[in-house]
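The structure under discussion appears below in the form of C-alpha cells.
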Amino acid sequence: MAKIILSGHIIIPANQLDTVQAALVEHITLTRREAGCLVFKVEQSQTDPCRYEVYEEFVSKAAFEDHQKRVGQSHWGDVTQDVARYYSIHEEVD
C-alpha cells in the first residue's frame, strides 16, 4: 500500500496570524488522533513568523482524503480560508 506524503508551507496573512496560531494547537491535536495519520508537523519559520513549514504522512490515499474532508468542515478550515498553501503531494510505496 502506498502512503501519501504532503510537504510544503503555508503563508498566513499578518492580520490573521493570532487567530490561525490559536486554532493550530487544536488542529494538530485532532489530526494526530486521526486513523491513518503517521506524521503531522506544522512548524513556524525562524525567519518569517507568517510562514509555517508543513509535513504530513498518511497510511493511504483514503486516510489522506478523510483528513482533507474533516479539515474542510472544521474550525481550522474556517479560519484558514485566506491562508496561501504551497504543497507537494506524492505517493510512496513502503
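Within each chain, counting starts at residue 1; across the C-alpha cells, chains are named A, B, ... in the order shown, with ligands numbered 1 upward in that order.
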For this session: Can you list, as a VMD selection string, all residues belonging to chain A that DSSP tags as alpha helix (DSSP H)?
Result: chain A and resid 17 to 33 61 to 72 75 to 79
Problem set entry | Residue set, stretch 46-92 of chain A restricted to strand (DSSP E), as a PyMOL selection string | chain A and resi 51-58+84-92
Keeping C-alpha atoms, export the residues of the selection given above as an mmCIF file, in the first residue's frame.
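The file below, selection.cif, is the result:
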data_model
loop_
_atom_site.group_PDB
_atom_site.id
_atom_site.type_symbol
_atom_site.label_atom_id
_atom_site.label_comp_id
_atom_site.auth_asym_id
_atom_site.auth_seq_id
_atom_site.Cartn_x
_atom_site.Cartn_y
_atom_site.Cartn_z
ATOM 1 C CA ARG A 51 5.358 31.153 7.216
ATOM 2 C CA TYR A 52 4.841 27.629 8.556
ATOM 3 C CA GLU A 53 6.549 24.525 7.205
ATOM 4 C CA VAL A 54 4.144 21.588 6.811
ATOM 5 C CA TYR A 55 4.892 17.854 6.601
ATOM 6 C CA GLU A 56 2.270 15.119 6.683
ATOM 7 C CA GLU A 57 2.222 11.360 6.157
ATOM 8 C CA PHE A 58 -0.900 9.218 5.945
ATOM 9 C CA ALA A 84 -1.857 30.585 0.947
ATOM 10 C CA ARG A 85 -0.862 26.928 0.622
ATOM 11 C CA TYR A 86 2.192 25.719 -1.300
ATOM 12 C CA TYR A 87 2.204 21.922 -1.167
ATOM 13 C CA SER A 88 3.597 18.945 -2.982
ATOM 14 C CA ILE A 89 1.694 15.676 -2.576
ATOM 15 C CA HIS A 90 3.017 12.288 -3.655
ATOM 16 C CA GLU A 91 2.623 8.583 -3.001
ATOM 17 C CA GLU A 92 5.424 6.490 -1.573
#
For this session: Compile the contact shell of A:Val93 as a PyMOL selection string: residues with an atom at most 12 Å away, counting only C-alpha atoms, same-chain residues fewer than 4 positions apart removed.
Result: chain A and resi 1-5+58-61
Exercise. Suppose you want the space between atom CA of A:His27 and atom CA of A:Val71; what is it in Å?
Worked result: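 Taking atom CA of A:His27 as the start and atom CA of A:Val71 as the end point, the length is 8.3 Å.
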Problem set entry | Separation of atom CA of A:Asp94 from atom CA of A:Leu38 in Å |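 Atom CA of A:Asp94 lies at a distance of 12.9 Å from atom CA of A:Leu38.
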Shell around A:Gly77 at 12 Å using only C-alpha atoms, local window under 5 positions removed, as a CSV table (one decimal) with N, CA, C and O atoms, in the first residue's frame:
chain,number,residue,atom,x,y,z
A,20,VAL,N,-5.0,32.3,13.6
A,20,VAL,CA,-4.6,31.0,13.0
A,20,VAL,C,-3.7,30.2,14.0
A,20,VAL,O,-3.9,29.0,14.2
A,23,ALA,N,-5.8,28.5,16.6
A,23,ALA,CA,-6.5,27.4,16.1
A,23,ALA,C,-5.6,26.2,15.7
A,23,ALA,O,-6.0,25.0,15.7
A,24,LEU,N,-4.3,26.5,15.5
A,24,LEU,CA,-3.4,25.5,15.1
A,24,LEU,C,-3.2,24.4,16.2
A,24,LEU,O,-3.0,23.2,15.8
A,26,GLU,N,-5.3,23.0,18.3
A,26,GLU,CA,-6.3,22.0,18.2
A,26,GLU,C,-6.2,21.2,16.9
A,26,GLU,O,-6.5,20.0,16.9
A,27,HIS,N,-5.9,21.9,15.8
A,27,HIS,CA,-5.8,21.3,14.5
A,27,HIS,C,-4.7,20.2,14.6
A,27,HIS,O,-5.0,19.1,14.1
A,67,HIS,N,-8.9,12.9,6.0
A,67,HIS,CA,-8.3,14.1,6.7
A,67,HIS,C,-8.7,15.4,6.0
A,67,HIS,O,-9.2,16.3,6.7
A,68,GLN,N,-8.6,15.4,4.7
A,68,GLN,CA,-8.9,16.6,4.0
A,68,GLN,C,-10.4,17.0,4.1
A,68,GLN,O,-10.8,18.1,4.3
A,69,LYS,N,-11.3,16.0,4.1
A,69,LYS,CA,-12.7,16.2,4.3
A,69,LYS,C,-13.0,16.8,5.7
A,69,LYS,O,-13.7,17.7,5.9
A,70,ARG,N,-12.3,16.2,6.7
A,70,ARG,CA,-12.5,16.7,8.1
A,70,ARG,C,-12.1,18.1,8.2
A,70,ARG,O,-12.8,19.0,8.8
A,71,VAL,N,-10.9,18.4,7.7
A,71,VAL,CA,-10.4,19.8,7.8
A,71,VAL,C,-11.3,20.8,7.1
A,71,VAL,O,-11.5,21.9,7.6
A,72,GLY,N,-11.8,20.4,6.0
A,72,GLY,CA,-12.7,21.3,5.3
A,72,GLY,C,-14.0,21.7,6.0
A,72,GLY,O,-14.6,22.7,5.8
A,82,ASP,N,-8.1,32.2,4.1
A,82,ASP,CA,-7.2,33.2,3.4
A,82,ASP,C,-5.7,32.8,3.4
A,82,ASP,O,-4.9,33.6,2.9
A,83,VAL,N,-5.4,31.7,4.0
A,83,VAL,CA,-4.0,31.2,4.0
A,83,VAL,C,-3.6,30.7,2.7
A,83,VAL,O,-4.3,29.9,2.0
Exercise. Atom CA of A:Thr80 to atom CA of A:Ser7: how many Å, to one decimal?
Worked result: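 Here the two named atoms are 17.4 Å from each other.
Comparing A:Trp76, A:Cys50, A:Glu65, A:Thr31 by their smallest distance to A:Gln16, the closest is A:Cys50 (using only C-alpha atoms).
Nearest to A:Ala14 of all the residues A:Ile28, A:Val42, A:Asp48, A:Arg33 is A:Asp48, counting only C-alpha atoms.
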Exercise. With only C-alpha atoms as the atoms that count, which of A:Thr29, A:Phe64, A:Pro49, A:Gln73 lies nearest to A:Ile11?
Worked result: A:Pro49
